[in-house]
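A.B. asks: Just one file: start.cif, with mmCIF, C-alpha atoms.
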data_entry
#
loop_
_atom_site.label_atom_id
_atom_site.label_comp_id
_atom_site.auth_asym_id
_atom_site.auth_seq_id
_atom_site.Cartn_x
_atom_site.Cartn_y
_atom_site.Cartn_z
CA MET I 407 16.36 24.10 26.07
CA ARG I 408 16.19 27.27 24.02
CA TRP I 409 18.21 27.73 20.86
CA PRO I 410 20.52 30.76 20.64
CA ARG I 411 19.20 33.42 18.25
CA GLU I 412 22.07 32.81 15.80
CA ARG I 413 21.22 29.10 15.56
CA LYS I 414 17.54 29.85 14.99
CA LEU I 415 18.42 32.20 12.13
CA GLU I 416 20.75 29.58 10.61
CA TYR I 417 18.00 26.92 10.79
CA VAL I 418 15.44 29.24 9.16
CA GLU I 419 17.87 30.08 6.35
CA ASN I 420 18.57 26.37 5.74
CA VAL I 421 14.84 25.62 5.50
CA LYS I 422 14.33 28.56 3.13
CA ASP I 423 17.20 27.36 0.95
CA ARG I 424 15.78 23.85 0.81
CA PHE I 425 12.34 24.95 -0.31
CA SER I 426 13.63 27.64 -2.66
CA MET I 427 15.66 25.09 -4.65
CA ASN I 428 14.07 23.04 -7.38
CA LEU I 429 14.78 19.32 -7.66
CA GLU I 430 17.66 19.70 -10.10
CA GLU I 431 19.39 22.25 -7.86
CA ARG I 432 18.92 20.01 -4.82
CA TYR I 433 20.47 17.11 -6.70
CA GLN I 434 23.51 19.16 -7.73
CA LYS I 435 24.04 20.95 -4.40
CA GLU I 436 22.99 18.35 -1.80
CA ILE I 437 22.01 14.92 -3.05
CA LYS I 438 25.18 14.22 -5.07
CA GLN I 439 27.43 14.57 -2.04
CA GLN I 440 25.02 12.61 0.17
CA LEU I 441 24.96 9.72 -2.30
CA LYS I 442 28.74 9.75 -2.72
CA LYS I 443 29.10 9.27 1.02
CA GLU I 444 26.20 6.82 1.43
CA LEU I 445 27.29 4.58 -1.48
CA LYS I 446 30.98 4.90 -0.54
CA LEU I 447 31.98 6.10 -3.98
CA SER I 448 35.49 7.37 -4.57
CA CYS I 449 34.55 10.03 -7.11
CA VAL I 450 31.57 12.36 -7.44
CA MET I 451 31.48 11.52 -11.17
CA ALA I 452 30.46 7.97 -10.20
CA VAL I 453 27.33 9.17 -8.39
CA PRO I 454 24.17 7.88 -10.12
CA GLU I 455 21.92 10.38 -11.88
CA VAL I 456 18.71 10.41 -13.87
CA LYS I 457 19.52 10.60 -17.60
CA LYS I 458 16.03 10.70 -19.09
CA ILE I 459 12.38 9.92 -18.41
CA VAL I 460 10.17 8.24 -21.00
CA VAL I 461 6.40 8.76 -20.70
CA SER I 462 4.30 6.56 -22.97
CA VAL I 463 0.70 5.60 -23.72
CA GLY I 464 -0.39 2.52 -25.69
CA MET I 465 -2.81 3.35 -28.51
CA ALA I 466 -3.02 0.13 -30.51
CA GLU I 467 -6.79 -0.19 -30.10
CA ALA I 468 -7.31 3.36 -31.36
CA ARG I 469 -5.40 3.09 -34.64
CA GLU I 470 -8.40 4.18 -36.69
CA ASN I 471 -9.60 6.87 -34.28
CA LYS I 472 -7.86 10.08 -35.33
CA LYS I 473 -9.74 12.19 -32.80
CA LEU I 474 -8.57 10.02 -29.89
CA TRP I 475 -4.96 10.22 -31.09
CA GLU I 476 -5.22 14.01 -30.99
CA GLU I 477 -6.93 14.03 -27.60
CA ILE I 478 -4.38 11.79 -25.87
CA GLY I 479 -1.52 13.53 -27.67
CA ASP I 480 -2.70 16.92 -26.38
CA GLN I 481 -3.02 15.51 -22.85
CA LEU I 482 0.49 14.04 -22.95
CA ALA I 483 1.89 17.35 -24.21
CA LEU I 484 0.09 19.18 -21.42
CA VAL I 485 1.49 16.84 -18.77
CA THR I 486 5.09 16.78 -20.03
CA GLY I 487 5.47 20.18 -21.68
CA GLN I 488 6.66 18.46 -24.85
CA LYS I 489 4.95 17.21 -28.01
CA PRO I 490 4.76 13.38 -28.14
CA VAL I 491 5.87 11.24 -31.05
CA ARG I 492 4.05 8.18 -32.37
CA THR I 493 5.62 4.78 -31.83
CA ARG I 494 5.38 1.96 -34.36
CA ALA I 495 5.18 -1.82 -34.08
CA LYS I 496 8.52 -3.57 -34.57
CA LYS I 497 6.94 -6.94 -35.25
CA ALA I 498 3.65 -8.28 -36.59
CA ILE I 499 1.07 -9.97 -34.35
CA SER I 500 -1.63 -11.65 -36.43
CA GLY I 501 -3.97 -12.18 -33.46
CA PHE I 502 -4.20 -8.41 -33.01
CA LYS I 503 -4.16 -7.69 -36.78
CA LEU I 504 -0.94 -5.80 -36.16
CA ARG I 505 1.58 -5.27 -38.92
CA ILE I 506 5.16 -4.04 -38.75
CA GLY I 507 5.15 -0.25 -38.87
CA ASP I 508 1.62 0.22 -37.52
CA GLU I 509 1.29 3.15 -35.12
CA ILE I 510 0.68 1.71 -31.65
CA GLY I 511 1.39 4.44 -29.11
CA LEU I 512 2.56 7.88 -28.09
CA MET I 513 5.83 8.65 -26.33
CA VAL I 514 7.69 11.60 -24.87
CA THR I 515 11.38 11.51 -23.90
CA LEU I 516 12.30 14.14 -21.31
CA ARG I 517 15.79 15.39 -20.47
CA GLY I 518 17.28 18.31 -18.57
CA LYS I 519 14.99 20.86 -16.92
CA ARG I 520 11.74 19.38 -18.26
CA MET I 521 12.78 15.97 -16.93
CA TYR I 522 13.41 17.31 -13.43
CA ASP I 523 10.23 19.40 -13.45
CA PHE I 524 8.19 16.34 -14.45
CA LEU I 525 9.90 14.14 -11.83
CA ASP I 526 9.27 16.73 -9.11
CA LYS I 527 5.59 16.91 -10.03
CA LEU I 528 5.35 13.12 -10.30
CA ILE I 529 6.80 12.56 -6.82
CA ASN I 530 5.11 15.40 -4.96
CA VAL I 531 1.73 15.76 -6.69
CA SER I 532 0.68 12.92 -9.02
CA LEU I 533 1.46 9.98 -6.72
CA ALA I 534 -0.58 11.58 -3.95
CA ARG I 535 -3.59 11.57 -6.31
CA VAL I 536 -3.48 7.78 -6.72
CA ARG I 537 -6.38 6.13 -4.91
CA ASP I 538 -5.38 4.26 -1.72
CA PHE I 539 -1.74 5.12 -2.31
CA ARG I 540 0.67 3.42 0.11
CA GLY I 541 3.95 4.03 -1.68
CA VAL I 542 5.54 2.70 -4.85
CA SER I 543 7.05 -0.77 -5.19
CA ASP I 544 10.81 -1.23 -4.98
CA LYS I 545 10.48 -4.34 -7.16
CA SER I 546 9.94 -2.37 -10.38
CA PHE I 547 13.62 -2.01 -11.28
CA ASP I 548 14.69 -3.83 -14.43
CA GLY I 549 18.08 -5.11 -13.30
CA SER I 550 19.88 -2.35 -15.20
CA GLY I 551 19.09 0.42 -12.73
CA ASN I 552 16.00 1.71 -14.55
CA TYR I 553 12.66 2.12 -12.79
CA ASN I 554 9.21 1.51 -14.30
CA LEU I 555 6.04 3.02 -12.93
CA GLY I 556 2.57 2.51 -14.36
CA PHE I 557 -0.66 4.44 -13.84
CA SER I 558 -4.05 3.00 -14.74
CA GLU I 559 -5.36 6.39 -15.82
CA GLN I 560 -4.03 9.75 -16.98
CA LEU I 561 -6.20 11.60 -14.45
CA VAL I 562 -3.48 11.37 -11.78
CA PHE I 563 -1.81 14.30 -13.53
CA PRO I 564 -3.28 17.59 -12.27
CA GLU I 565 -3.10 19.33 -15.67
CA ILE I 566 -5.80 17.07 -17.12
CA ASN I 567 -9.42 18.18 -16.81
CA PRO I 568 -11.57 15.07 -16.17
CA ALA I 569 -14.53 16.71 -17.92
CA ARG I 570 -12.58 16.69 -21.19
CA VAL I 571 -11.46 13.07 -21.03
CA THR I 572 -13.44 10.79 -23.35
CA LYS I 573 -11.17 7.76 -22.95
CA VAL I 574 -9.27 6.67 -19.84
CA LYS I 575 -5.78 5.47 -20.77
CA GLY I 576 -2.94 3.92 -18.81
CA VAL I 577 0.37 5.79 -18.65
CA GLN I 578 3.81 4.18 -18.37
CA VAL I 579 6.73 6.13 -16.89
CA THR I 580 10.29 4.81 -17.22
CA ILE I 581 13.04 6.56 -15.28
CA VAL I 582 16.39 5.83 -16.93
CA MET I 583 19.51 6.18 -14.76
CA ASN I 584 23.21 5.88 -15.55
CA THR I 585 23.81 2.92 -13.26
CA ARG I 586 23.41 -0.82 -13.74
CA SER I 587 22.90 -1.36 -10.04
CA ASP I 588 19.32 -1.44 -8.75
CA LYS I 589 20.66 -0.67 -5.28
CA GLU I 590 22.25 2.58 -6.44
CA ALA I 591 19.20 3.48 -8.53
CA ARG I 592 16.91 2.97 -5.54
CA ALA I 593 19.19 5.10 -3.34
CA LEU I 594 19.04 7.90 -5.91
CA LEU I 595 15.26 7.84 -6.24
CA LYS I 596 14.83 7.72 -2.48
CA LYS I 597 17.02 10.83 -2.08
CA LEU I 598 14.98 12.56 -4.78
CA GLY I 599 11.88 11.89 -2.68
CA MET I 600 10.33 8.81 -4.29
CA PRO I 601 7.97 7.37 -1.63
CA PHE I 602 8.74 3.65 -1.61
CA ASN I 603 6.34 1.34 0.20
CA LYS I 604 7.91 0.50 3.56
CA GLU I 605 6.33 -2.96 3.48
CA ASN I 606 8.32 -3.93 0.36
#
Translate this file's structure into structure tokens.

C.D. replies:
Amino acid sequence: MRWPRERKLEYVENVKDRFSMNLEERYQKEIKQQLKKELKLSCVMAVPEVKKIVVSVGMAEARENKKLWEEIGDQLALVTGQKPVRTRAKKAISGFKLRIGDEIGLMVTLRGKRMYDFLDKLINVSLARVRDFRGVSDKSFDGSGNYNLGFSEQLVFPEINPARVTKVKGVQVTIVMNTRSDKEARALLKKLGMPFNKEN
């Protein structure tokens, strides 16, 4: 069966619109309404949304290595488009010679356009660079609707040149959403394109 010319043109325009929109635009124009219907919500204001993304790297073992702090800090800034801040220990741990106030990591908190740009890149580029990737776990929600994702090395991010990496570091990504329901949070991430493992 052949499509009428008018229907072909309509289909082509729809595809063009989809790929011309960035992730934030798709959320506002398409995903919000889809979620409202799927989750049977009475008001569009109740639709879950991503509020912020926190990207962090633990640096406790490098407290005395100023050069490494600068190197990882530059890499994190390159990946997120934002300068990281140093995090400090909130409690002392004698076994690790850790005192309250010691610098133990680097963190970036993303909101708005930078948040959506990072999430788009994370979903469509970085995850595909993970070795033997079969999808992310749907068991990494924290019970409050937030999702945690860990990478064993920073090299999954395409901005980082492996030749300039002197120390491989794990990266933690926390996606914070405005819902306390893991079910709603999962539905949102799935609509945004998060590739959950079908075996979970």

A.B. asks: Exactly which residues make up the result of the PyMOL selection byres ((chain I and resi 588-590) around 6) on this file, given as a PDB file with C-alpha atoms, in the frame of the given file?

C.D. replies:
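This is the output file expr_26.pdb:
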ATOM      1  CA  GLY I 549      18.080  -5.110 -13.300  1.00  0.00           C
ATOM      2  CA  GLY I 551      19.090   0.420 -12.730  1.00  0.00           C
ATOM      3  CA  SER I 587      22.900  -1.360 -10.040  1.00  0.00           C
ATOM      4  CA  ALA I 591      19.200   3.480  -8.530  1.00  0.00           C
ATOM      5  CA  ARG I 592      16.910   2.970  -5.540  1.00  0.00           C
ATOM      6  CA  ALA I 593      19.190   5.100  -3.340  1.00  0.00           C
TER       7      ALA I 593
END

A.B. asks: Got a sec to resolve the PyMOL selection byres ((chain I and resi 445) around 12) on this structure and send the residues as JSON, numbers by chain?

C.D. replies: {"I": [437, 438, 439, 440, 441, 442, 443, 444, 446, 447, 448, 449, 450, 452, 453, 454, 587, 589, 590, 591, 592, 593, 594]}

A.B. asks: Could you tell me how far atom CA of I:Glu467 lies from atom CA of I:Arg505, in Å and to one decimal?

C.D. replies: 13.2 Å

A.B. asks: Mind listing whatever residues come within 12 Å of the point (25.3, 20.4, -11.1)? Use only C-alpha atoms, file coordinates, and give them as a ChimeraX atom specification.

C.D. replies: /I:429-439,450-451,453,455,518-519

A.B. asks: How many Å lie between atom CA of I:Pro564 and atom CA of I:Trp475, rounded to one decimal?

C.D. replies: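 These atoms are spaced 20.3 Å apart.
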
A.B. asks: Could you get me a file of stretch 539-554 of chain I with N, CA and C atoms, as a short mmCIF file (atom, residue, chain, number, x, y, z; two decimals), in the first residue's frame, taken from the block above?

C.D. replies:
data_model
loop_
_atom_site.label_atom_id
_atom_site.label_comp_id
_atom_site.auth_asym_id
_atom_site.auth_seq_id
_atom_site.Cartn_x
_atom_site.Cartn_y
_atom_site.Cartn_z
N PHE I 539 28.02 -2.93 27.21
CA PHE I 539 26.82 -2.28 27.73
C PHE I 539 25.55 -3.01 27.30
N ARG I 540 24.68 -3.31 28.28
CA ARG I 540 23.42 -4.00 27.99
C ARG I 540 22.22 -3.24 28.56
N GLY I 541 22.44 -1.98 28.88
CA GLY I 541 21.37 -1.19 29.48
C GLY I 541 21.67 -0.90 30.94
N VAL I 542 21.03 0.14 31.46
CA VAL I 542 21.24 0.51 32.86
C VAL I 542 20.22 -0.21 33.75
N SER I 543 20.56 -0.35 35.02
CA SER I 543 19.69 -1.05 35.96
C SER I 543 18.51 -0.17 36.37
N ASP I 544 17.35 -0.78 36.55
CA ASP I 544 16.20 -0.02 37.07
C ASP I 544 16.08 -0.20 38.58
N LYS I 545 17.15 -0.71 39.20
CA LYS I 545 17.16 -0.90 40.65
C LYS I 545 18.03 0.16 41.34
N SER I 546 18.39 1.20 40.61
CA SER I 546 19.28 2.23 41.16
C SER I 546 18.53 3.49 41.60
N PHE I 547 17.22 3.36 41.79
CA PHE I 547 16.45 4.47 42.36
C PHE I 547 16.58 4.41 43.88
N ASP I 548 16.46 5.57 44.52
CA ASP I 548 16.71 5.61 45.96
C ASP I 548 15.46 5.61 46.83
N GLY I 549 14.29 5.37 46.22
CA GLY I 549 13.06 5.37 46.98
C GLY I 549 12.41 6.73 47.06
N SER I 550 13.14 7.76 46.64
CA SER I 550 12.60 9.12 46.62
C SER I 550 12.48 9.65 45.20
N GLY I 551 12.62 8.75 44.23
CA GLY I 551 12.48 9.15 42.83
C GLY I 551 13.77 9.58 42.18
N ASN I 552 14.89 9.56 42.90
CA ASN I 552 16.17 9.95 42.32
C ASN I 552 16.90 8.73 41.78
N TYR I 553 17.72 8.95 40.75
CA TYR I 553 18.39 7.83 40.10
C TYR I 553 19.91 8.02 40.16
N ASN I 554 20.62 6.97 40.56
CA ASN I 554 22.07 7.01 40.68
C ASN I 554 22.74 6.11 39.65
#
